[in-house]
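Undergrad: Mind looking over this structure? Questions follow.
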Amino acid sequence: MDLTMRGVTKSFGANNALRGVDFRLSGGEICALLGENGAGKSTLMNILGGVVPRDSGDVLIDGKPVSFAGPKYSLAAGIAFIHQELNLINDLTVYENLFLGREPRTRSGAIDIPRMRSEGRRMLEGMGVDLDVNAMTRGLDASYKQIVEIARAMMAAASIIIMDEPTSSLTDPEIERVFAMMRALRGQGVGIVFISHKLREVARIADRYAVLRDGEMVAEGNVADVTASDLARFMVGRDVRADALSQRLRSPRSVLRAERLTGNGFRDVSFDVHAGEILGFTGLLGDGRSELFLSIFGAGGPYTGSVYLDGKPFHPRGATRAADNGLAYLPRNRKENGIIPDMDALENGSIVVWPKISRFGFIDRRRQGDMFAGQVRALRIKLAKPTDMITSLSGGNQQKVVLAKWLSSNPRVLILDNPTQGVDVGAKEEIYDIILGLARQGVAIALLSSEAQEIIRVCDRALVMYHGAVAGEAWGETMRERAIMRLATGAGV
Ligand SMILES: Nc1ncnc2c1ncn2[C@@H]1O[C@H](COP(=O)(O)OP(=O)(O)OP(=O)(O)O)[C@@H](O)[C@H]1O
Ligand SMILES: [Mg+2]
């Protein structure tokens with residue numbers, strides 16, 4: 001298999017998303033497609049996959065021009081696509097999603113359900129995932145949905161696999177297994193396009209790289225010839241900081257305190273977040289950290305145990321009450337939980353601050369606009385105008401809009417679940433600066449993250465969870481990736 005894209009252009013209105021892009025991929029190689037949020041990565045791959053039509057340019061597979069009228073046709077031609085947005089049908093079971101569009105048949109022509117079940121089960125076992133193939137997809141956490149998407153693409157017997165940020169909500173051991181499967185497919189001659197903002201991953205898995213900046217291909221080469229900071233520089237156009245961040249002072253005053261919380265997905269969890277402290281929570285898939293904080297915020301399931309805010313019992317009924325009390329909560333997987341797709345970027349970015357910017361029931365449009373403009377600058381959100389629909393922004397820029405909204409809500413307690421998921425390396429550093437700045441102003445921050453590196457760089461202290469319980473605490477000398485991994489896998493310290 002040999003893929004060549006030549007002179008590909010695509011505009012959305014006045015926005016030139018791709019300006020004459022060349023891209024090639026051979027069978028048996030993994031090519032990383034890199035670039036800042038909004039650089040055009042997904043658009044280029046959507047054109048290859050027949051999801052959006054191109055304005056001009058050629059796509060050739062084994063020298064033959066191709067053009068797919070829809071994803072169905074590209075799949076039939078041997079191109080499997082793992083989309084940045086999860087793309088499963090919620091009302092189907094896991095095994096039905098795994099075989100969607102290519103269901104195996106029995107000799108009599110009926111759909112071979114036992115075979116779907118057993119092959120699906122084998123695939124998931126091979127990925128080391130404890131997931132029932134008969135489960136309904138709707139009820140799955142987004143990380144599991146991501147696993148199902150990956151499994152589906154890997155089972156499709158494709159000659160090209162496009163992976164658009166497949167690992168954004170997975171943790172290291174799961175990513176490791178995905179990588180092992182990618183290497184096996186590469187060995188069988190499959191060509192893989194791998195899109196990721198995690199440059200350390202890219203350095204480990206990819207053979208070649210191609211970097212887009214503002215719709216143009218600006219750098220290409222062999223991964224072995226460059227460092228991760230070289231790649232960051234190609235993407236952003238300047239050096240990106242990688243050194244340690246300053247340590248903060250934590251005040252003795254406890255702001256958010258949890259005592260022996262037990263609920264669906266977590267048990268016997270106690271902790272204390274002080275003013276000015278950034279307390280990390282990490283663990284593997286199924287560790288329960290998100291369920292825990294959803295419950296505390298009043299948006300999850302019921303629990304037993306006590307929560308105190310500034311020393312007073314705190315049991316909000318519903319998320320609005322929690323927000324009134326100065327709690328801000330950035331949910332993970334903003335695609336599913338954070339954005340309001342029918343609204344524009346400005347509305348999505350300022351909805352929680354409405355009480356602050358409205359007078360006599362009317363929204364002060366000028367203040368709203370000024371605040372949003374400030375956020376756009378600070379987080380380098382790429383959009384043409386604030387009234388662009390949120391869904392027309394690139395994946396990472398949508399994430400930034402939702403993050404901006406919570407950062408600007410002036411909270412006393414800030415709960416951030418995977419705050420830099422899908423965000424490019426440059427903007428990540430800006431986000432860390434904002435989080436540290438809020439801590440310096442005395443905000444108590446709980447940072448939930450699947451990336452051990454992020455926890456180590458930003459947090460003073462971290463609780464590592466395993467199957468819903470706190471497996472141990474890391475701070476100072478124990479804030480090391482190996483120590484965190486040992487706790488996260490239940491191996492003890
Ligand atoms: N359906 C659409 N309508 C309007 N503009 C769009 C649409 N899809 C993409 N764009 C614009 O095209 C540009 C490239 O977006 P794209 O999604 O390809 O970026 P990306 O490199 O994948 O970024 P990210 O890392 O954030 O996913 C952005 O400016 C985006 O706003
Ligand atoms: Mg994208």
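Ordering of the structure tokens sets the chain letters (A, B, ...); residue numbers start at 1 within each chain; ligands are numbered from 1 in the order shown.
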Pull the closest atom pair for each residue of chain A that gets at most 9 Å from ligand 1, along with the distance in Å to one decimal, counting only C-alpha atoms and all ligand atoms, ordering rows by chain and then ascending residue number, as CSV.
TA:
```
residue,atom,partner,partner_atom_place_in_ligand_line,distance
A:Lys10,CA,ligand 1,12 (O),8.4
A:Ser11,CA,ligand 1,12 (O),7.5
A:Phe12,CA,ligand 1,4 (C),4.9
A:Gly13,CA,ligand 1,4 (C),7.3
A:Asn15,CA,ligand 1,29 (O),6.5
A:Asn16,CA,ligand 1,12 (O),7.2
A:Ala17,CA,ligand 1,12 (O),4.4
A:Leu18,CA,ligand 1,14 (C),7.5
A:Leu33,CA,ligand 1,21 (O),8.9
A:Leu34,CA,ligand 1,21 (O),7.6
A:Gly35,CA,ligand 1,21 (O),5.9
A:Glu36,CA,ligand 1,25 (O),5.7
A:Asn37,CA,ligand 1,26 (O),3.4
A:Gly38,CA,ligand 1,19 (O),3.4
A:Ala39,CA,ligand 1,21 (O),3.9
A:Gly40,CA,ligand 1,18 (O),3.1
A:Lys41,CA,ligand 1,21 (O),3.7
A:Ser42,CA,ligand 1,22 (O),3.7
A:Thr43,CA,ligand 1,18 (O),3.7
A:Leu44,CA,ligand 1,18 (O),6.4
A:Met45,CA,ligand 1,18 (O),8.1
A:Asn46,CA,ligand 1,18 (O),8.2
A:Val52,CA,ligand 1,1 (N),8.4
A:Gln84,CA,ligand 1,27 (O),7.2
A:Asp164,CA,ligand 1,27 (O),8.0
A:Glu165,CA,ligand 1,27 (O),8.0
A:Ile195,CA,ligand 1,25 (O),8.3
A:Ser196,CA,ligand 1,25 (O),7.9
A:His197,CA,ligand 1,25 (O),7.4
A:Leu212,CA,ligand 1,21 (O),7.6
A:Arg213,CA,ligand 1,21 (O),8.3
A:Asp214,CA,ligand 1,14 (C),7.8
A:Gly215,CA,ligand 1,14 (C),7.2
A:Lys382,CA,ligand 1,29 (O),6.3
A:Leu383,CA,ligand 1,31 (O),5.9
A:Ala384,CA,ligand 1,29 (O),7.5
A:Asp388,CA,ligand 1,4 (C),8.1
A:Met389,CA,ligand 1,4 (C),8.2
A:Ile390,CA,ligand 1,31 (O),8.8
A:Thr391,CA,ligand 1,1 (N),7.0
A:Ser392,CA,ligand 1,3 (N),4.0
A:Leu393,CA,ligand 1,31 (O),3.7
A:Ser394,CA,ligand 1,17 (O),3.6
A:Gly395,CA,ligand 1,27 (O),4.0
A:Gly396,CA,ligand 1,26 (O),3.2
A:Asn397,CA,ligand 1,26 (O),5.2
A:Gln398,CA,ligand 1,26 (O),7.5
A:Gln399,CA,ligand 1,26 (O),8.2
A:Gly422,CA,ligand 1,25 (O),6.4
A:Val423,CA,ligand 1,25 (O),6.6
A:Asp424,CA,ligand 1,25 (O),6.5
```
Undergrad: Mind writing the picked residues with N, CA and C atoms as a short mmCIF file (atom, residue, chain, number, x, y, z; two decimals), in the first residue's frame?
TA:
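Now in again.cif:
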```cif
data_model
loop_
_atom_site.label_atom_id
_atom_site.label_comp_id
_atom_site.auth_asym_id
_atom_site.auth_seq_id
_atom_site.Cartn_x
_atom_site.Cartn_y
_atom_site.Cartn_z
N LYS A 10 -8.48 23.04 1.29
CA LYS A 10 -9.84 23.02 1.83
C LYS A 10 -10.08 24.33 2.57
N SER A 11 -11.18 24.99 2.26
CA SER A 11 -11.56 26.20 2.99
C SER A 11 -12.93 26.01 3.61
N PHE A 12 -13.10 26.58 4.80
CA PHE A 12 -14.43 26.69 5.40
C PHE A 12 -14.75 28.17 5.38
N GLY A 13 -15.56 28.61 4.46
CA GLY A 13 -15.78 30.05 4.31
C GLY A 13 -14.47 30.74 4.01
N ASN A 15 -11.96 30.73 5.95
CA ASN A 15 -10.90 30.06 6.70
C ASN A 15 -10.20 29.03 5.81
N ASN A 16 -8.94 29.30 5.44
CA ASN A 16 -8.21 28.34 4.61
C ASN A 16 -7.57 27.29 5.51
N ALA A 17 -8.30 26.21 5.73
CA ALA A 17 -7.84 25.19 6.67
C ALA A 17 -6.65 24.41 6.12
N LEU A 18 -6.64 24.16 4.82
CA LEU A 18 -5.52 23.47 4.18
C LEU A 18 -5.14 24.24 2.92
N LEU A 33 1.22 12.61 12.53
CA LEU A 33 0.78 13.87 11.93
C LEU A 33 0.60 14.87 13.07
N LEU A 34 1.43 15.91 13.06
CA LEU A 34 1.50 16.82 14.20
C LEU A 34 1.09 18.22 13.81
N GLY A 35 0.78 19.03 14.82
CA GLY A 35 0.44 20.42 14.58
C GLY A 35 -0.35 20.97 15.75
N GLU A 36 -0.33 22.29 15.89
CA GLU A 36 -1.09 22.95 16.95
C GLU A 36 -2.59 22.72 16.76
N ASN A 37 -3.36 23.05 17.78
CA ASN A 37 -4.81 22.96 17.65
C ASN A 37 -5.26 23.87 16.51
N GLY A 38 -6.01 23.29 15.59
CA GLY A 38 -6.51 24.08 14.47
C GLY A 38 -5.57 24.12 13.28
N ALA A 39 -4.49 23.34 13.31
CA ALA A 39 -3.52 23.38 12.21
C ALA A 39 -4.05 22.71 10.94
N GLY A 40 -5.03 21.80 11.09
CA GLY A 40 -5.62 21.15 9.92
C GLY A 40 -5.45 19.64 9.86
N LYS A 41 -5.00 19.04 10.96
CA LYS A 41 -4.74 17.59 10.96
C LYS A 41 -6.01 16.78 10.70
N SER A 42 -7.05 17.05 11.50
CA SER A 42 -8.29 16.28 11.33
C SER A 42 -8.90 16.53 9.96
N THR A 43 -8.82 17.77 9.49
CA THR A 43 -9.39 18.09 8.18
C THR A 43 -8.70 17.28 7.08
N LEU A 44 -7.37 17.20 7.14
CA LEU A 44 -6.63 16.44 6.13
C LEU A 44 -7.06 14.97 6.14
N MET A 45 -7.19 14.41 7.33
CA MET A 45 -7.57 13.01 7.44
C MET A 45 -9.06 12.80 7.09
N ASN A 46 -9.88 13.79 7.41
CA ASN A 46 -11.30 13.69 7.03
C ASN A 46 -11.45 13.66 5.51
N VAL A 52 -15.18 14.75 4.69
CA VAL A 52 -15.46 16.04 4.05
C VAL A 52 -14.83 16.04 2.66
N GLN A 84 -11.51 11.64 16.27
CA GLN A 84 -11.21 12.42 17.46
C GLN A 84 -12.46 12.47 18.35
N ASP A 164 -6.91 9.44 15.05
CA ASP A 164 -6.94 10.87 15.39
C ASP A 164 -7.05 10.99 16.92
N GLU A 165 -5.93 11.18 17.58
CA GLU A 165 -5.83 11.27 19.04
C GLU A 165 -6.52 10.11 19.74
N ILE A 195 -2.18 10.67 15.07
CA ILE A 195 -2.26 12.07 15.49
C ILE A 195 -2.25 12.11 17.01
N SER A 196 -1.34 12.90 17.59
CA SER A 196 -1.29 12.99 19.05
C SER A 196 -0.58 14.28 19.45
N HIS A 197 -1.00 14.81 20.61
CA HIS A 197 -0.28 15.96 21.17
C HIS A 197 0.73 15.51 22.22
N LEU A 212 2.03 20.04 10.41
CA LEU A 212 1.20 21.08 9.79
C LEU A 212 1.22 22.32 10.65
N ARG A 213 1.33 23.48 10.02
CA ARG A 213 1.14 24.72 10.75
C ARG A 213 0.27 25.62 9.89
N ASP A 214 -0.85 26.07 10.44
CA ASP A 214 -1.78 26.93 9.70
C ASP A 214 -2.09 26.41 8.30
N GLY A 215 -2.35 25.12 8.21
CA GLY A 215 -2.77 24.56 6.93
C GLY A 215 -1.67 24.29 5.94
N LYS A 382 -7.99 29.33 18.60
CA LYS A 382 -8.02 29.70 17.20
C LYS A 382 -9.46 29.69 16.69
N LEU A 383 -9.99 30.87 16.42
CA LEU A 383 -11.32 30.95 15.80
C LEU A 383 -11.39 32.21 14.96
N ALA A 384 -12.31 32.20 13.99
CA ALA A 384 -12.41 33.35 13.11
C ALA A 384 -13.13 34.49 13.84
N ASP A 388 -18.68 32.15 15.85
CA ASP A 388 -18.56 30.86 15.17
C ASP A 388 -19.23 29.80 16.03
N MET A 389 -19.92 28.86 15.41
CA MET A 389 -20.48 27.74 16.19
C MET A 389 -19.34 26.97 16.85
N ILE A 390 -19.57 26.53 18.07
CA ILE A 390 -18.51 25.82 18.80
C ILE A 390 -18.07 24.58 18.01
N THR A 391 -19.00 23.94 17.32
CA THR A 391 -18.66 22.70 16.61
C THR A 391 -17.80 22.95 15.38
N SER A 392 -17.65 24.21 14.96
CA SER A 392 -16.79 24.46 13.80
C SER A 392 -15.33 24.65 14.21
N LEU A 393 -15.10 24.68 15.52
CA LEU A 393 -13.71 24.79 15.99
C LEU A 393 -13.04 23.42 15.98
N SER A 394 -11.71 23.42 15.89
CA SER A 394 -11.00 22.14 15.96
C SER A 394 -11.17 21.57 17.36
N GLY A 395 -10.95 20.25 17.49
CA GLY A 395 -11.18 19.56 18.76
C GLY A 395 -10.50 20.24 19.93
N GLY A 396 -9.23 20.54 19.79
CA GLY A 396 -8.48 21.15 20.88
C GLY A 396 -8.97 22.53 21.23
N ASN A 397 -9.40 23.28 20.24
CA ASN A 397 -9.89 24.63 20.51
C ASN A 397 -11.24 24.61 21.22
N GLN A 398 -12.05 23.59 20.96
CA GLN A 398 -13.30 23.44 21.72
C GLN A 398 -12.99 23.19 23.19
N GLN A 399 -11.99 22.35 23.41
CA GLN A 399 -11.57 22.06 24.79
C GLN A 399 -11.17 23.34 25.50
N GLY A 422 -6.16 16.78 24.74
CA GLY A 422 -6.34 17.24 23.36
C GLY A 422 -5.78 18.62 23.06
N VAL A 423 -5.05 19.19 24.02
CA VAL A 423 -4.52 20.54 23.83
C VAL A 423 -3.07 20.45 23.37
N ASP A 424 -2.65 21.34 22.48
CA ASP A 424 -1.29 21.24 21.94
C ASP A 424 -0.24 21.67 22.96
#
```
Undergrad: Any idea what's packed within 6 Å of Gly442 (chain A), counting only C-alpha atoms, ignoring anything in its chain fewer than 3 positions away? Could you give it as a list in words?
TA: Ala275, Gly276 and Ala439 of chain A
Undergrad: Out of region 89-188 of chain A, which residues get strand (DSSP E) from DSSP, as JSON, numbers by chain?
TA: {"A": [160, 161, 162, 163, 164]}
Undergrad: Can you check which residues of region 324-413 of chain A DSSP gives as alpha helix (DSSP H) on the backbone and send them as a VMD selection string?
TA: chain A and resid 324 334 to 337 345 to 350 354 to 357 365 to 379 395 to 407
Undergrad: For CA of Asp324 (chain A) and CA of Phe297 (chain A), quote the distance in Å rounded to one decimal.
TA: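 Between these atoms lies a distance of 11.1 Å.
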Undergrad: Can you tell me which residues surround region 88-102 of chain A at a distance of at most 8 Å, considering only C-alpha atoms, apart from same-chain residues fewer than 3 positions away, and format the answer as a PDB file with C-alpha atoms, in the first residue's frame?
TA:
```pdb
ATOM      1  CA  MET A 116     -19.037 -11.458  16.884  1.00  0.00           C
ATOM      2  CA  ARG A 117     -19.101 -12.087  20.609  1.00  0.00           C
ATOM      3  CA  GLY A 120     -14.787  -9.277  20.116  1.00  0.00           C
ATOM      4  CA  ASP A 132     -18.134  -7.152  28.705  1.00  0.00           C
ATOM      5  CA  VAL A 133     -18.862  -7.364  24.963  1.00  0.00           C
ATOM      6  CA  ASN A 134     -22.579  -7.561  25.762  1.00  0.00           C
ATOM      7  CA  ALA A 135     -22.575  -4.229  27.609  1.00  0.00           C
ATOM      8  CA  MET A 136     -24.560  -1.369  26.137  1.00  0.00           C
ATOM      9  CA  THR A 137     -22.248   1.288  24.769  1.00  0.00           C
ATOM     10  CA  ARG A 138     -24.274   4.138  26.255  1.00  0.00           C
ATOM     11  CA  LYS A 145     -15.478   3.920  24.354  1.00  0.00           C
ATOM     12  CA  VAL A 148     -13.821   0.049  21.639  1.00  0.00           C
ATOM     13  CA  GLU A 149     -13.091   2.474  18.793  1.00  0.00           C
ATOM     14  CA  ALA A 151     -10.436  -2.295  18.759  1.00  0.00           C
ATOM     15  CA  ARG A 152     -12.939  -1.771  15.975  1.00  0.00           C
ATOM     16  CA  MET A 155     -10.242  -5.588  13.620  1.00  0.00           C
TER      17      MET A 155
END
```
Undergrad: Name all residues at most 12 Å from Asp207 (chain A) (count only C-alpha atoms; drop same-chain ones fewer than 5 positions away) and give them as a VMD selection string.
TA: chain A and resid 25 to 33 182 to 183 186 191 to 194 201 to 202 220 to 226
Undergrad: So which one's closest to ligand 2, A:Leu448, A:Leu416, A:Ile82, A:Met154? Using only C-alpha atoms and all ligand atoms, please.
TA: A:Ile82
Undergrad: Near Arg200 (chain A), counting only C-alpha atoms, which residues have an atom at most 7 Å away, once you skip same-chain residues fewer than 3 positions from it, shown as a list in words?
TA: Ala203, Arg204 and Ala228 of chain A
Undergrad: Residues as selected, N, CA, C and O atoms, written as a tab-separated table (two decimals), in the first residue's frame, can you do that?
TA:
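So out30.tsv came out as:
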```
chain	number	residue	atom	x	y	z
A	203	ALA	N	7.48	10.04	19.91
A	203	ALA	CA	8.88	9.67	19.80
A	203	ALA	C	9.05	8.16	19.97
A	203	ALA	O	9.95	7.56	19.40
A	204	ARG	N	8.16	7.52	20.72
A	204	ARG	CA	8.32	6.09	20.96
A	204	ARG	C	7.72	5.23	19.88
A	204	ARG	O	8.21	4.13	19.62
A	228	ALA	N	11.95	15.37	21.00
A	228	ALA	CA	10.58	15.83	21.24
A	228	ALA	C	10.53	17.36	21.24
A	228	ALA	O	9.57	17.96	20.76
```
Undergrad: Which one is closest to ligand 2: A:Val129, A:Gly283, A:Gln421, A:Tyr144? Count only C-alpha atoms and all ligand atoms.
TA: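 Result for the nearest residue to ligand 2: A:Gln421.
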Undergrad: CA of His467 (chain A) to CA of Ala328 (chain A): how many Å, to one decimal?
TA: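 Answer for the CA of His467 (chain A) to CA of Ala328 (chain A) separation: 25.4 Å.
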Undergrad: Taking into account only C-alpha atoms and all ligand atoms, which residue in the set A:Arg233, A:Arg440, A:Arg366, A:His83 is nearest to ligand 2?
TA: A:His83
Undergrad: What's around region 63-72 of chain A at 9 Å? Count only C-alpha atoms, leave out sequence neighbours fewer than 2 positions away in its own chain, and write the answer as number ranges by chain.
TA: A: 2-4, 46-53, 58-61, 74-77, 79-81, 101
Undergrad: Can you tell me, as a PDB file with C-alpha atoms, in the first residue's frame, what residues are no more than 7 Å from region 254-258 of chain A when counting only C-alpha atoms, ignoring any on the same chain fewer than 2 positions away?
TA:
```pdb
ATOM      1  CA  PRO A 252      -2.653  25.403  56.493  1.00  0.00           C
ATOM      2  CA  ARG A 260     -14.512   8.274  54.087  1.00  0.00           C
ATOM      3  CA  LEU A 261     -16.537   8.754  50.940  1.00  0.00           C
ATOM      4  CA  SER A 270     -10.514  10.749  52.434  1.00  0.00           C
ATOM      5  CA  PHE A 271      -8.513  13.817  51.521  1.00  0.00           C
ATOM      6  CA  ASP A 272      -7.955  17.459  52.258  1.00  0.00           C
ATOM      7  CA  VAL A 273      -7.296  20.202  49.715  1.00  0.00           C
ATOM      8  CA  HIS A 274      -5.779  23.335  51.225  1.00  0.00           C
ATOM      9  CA  ALA A 275      -6.006  26.894  49.998  1.00  0.00           C
ATOM     10  CA  SER A 306     -18.881  13.619  54.707  1.00  0.00           C
ATOM     11  CA  VAL A 307     -17.653  16.543  52.685  1.00  0.00           C
ATOM     12  CA  TYR A 308     -16.713  19.878  54.268  1.00  0.00           C
ATOM     13  CA  LEU A 309     -16.264  23.187  52.527  1.00  0.00           C
ATOM     14  CA  ASP A 310     -14.367  25.693  54.678  1.00  0.00           C
ATOM     15  CA  ALA A 444      -7.846  25.103  46.261  1.00  0.00           C
TER      16      ALA A 444
END
```
Undergrad: Out of A:Pro166, A:Gly128, A:Pro114, A:Gly237, which residue has the shortest atom-to-atom distance to ligand 2 when counting only C-alpha atoms and all ligand atoms?
TA: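 Smallest distance to ligand 2 is found for A:Pro166.
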Undergrad: Identify which of the residues A:Pro104, A:Ile162, A:Arg122, A:Ile456 lies closest to ligand 2, counting only C-alpha atoms and all ligand atoms when measuring atom-to-atom distances.
TA: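 Using only C-alpha atoms and all ligand atoms, the shortest distance to ligand 2 belongs to A:Ile162.
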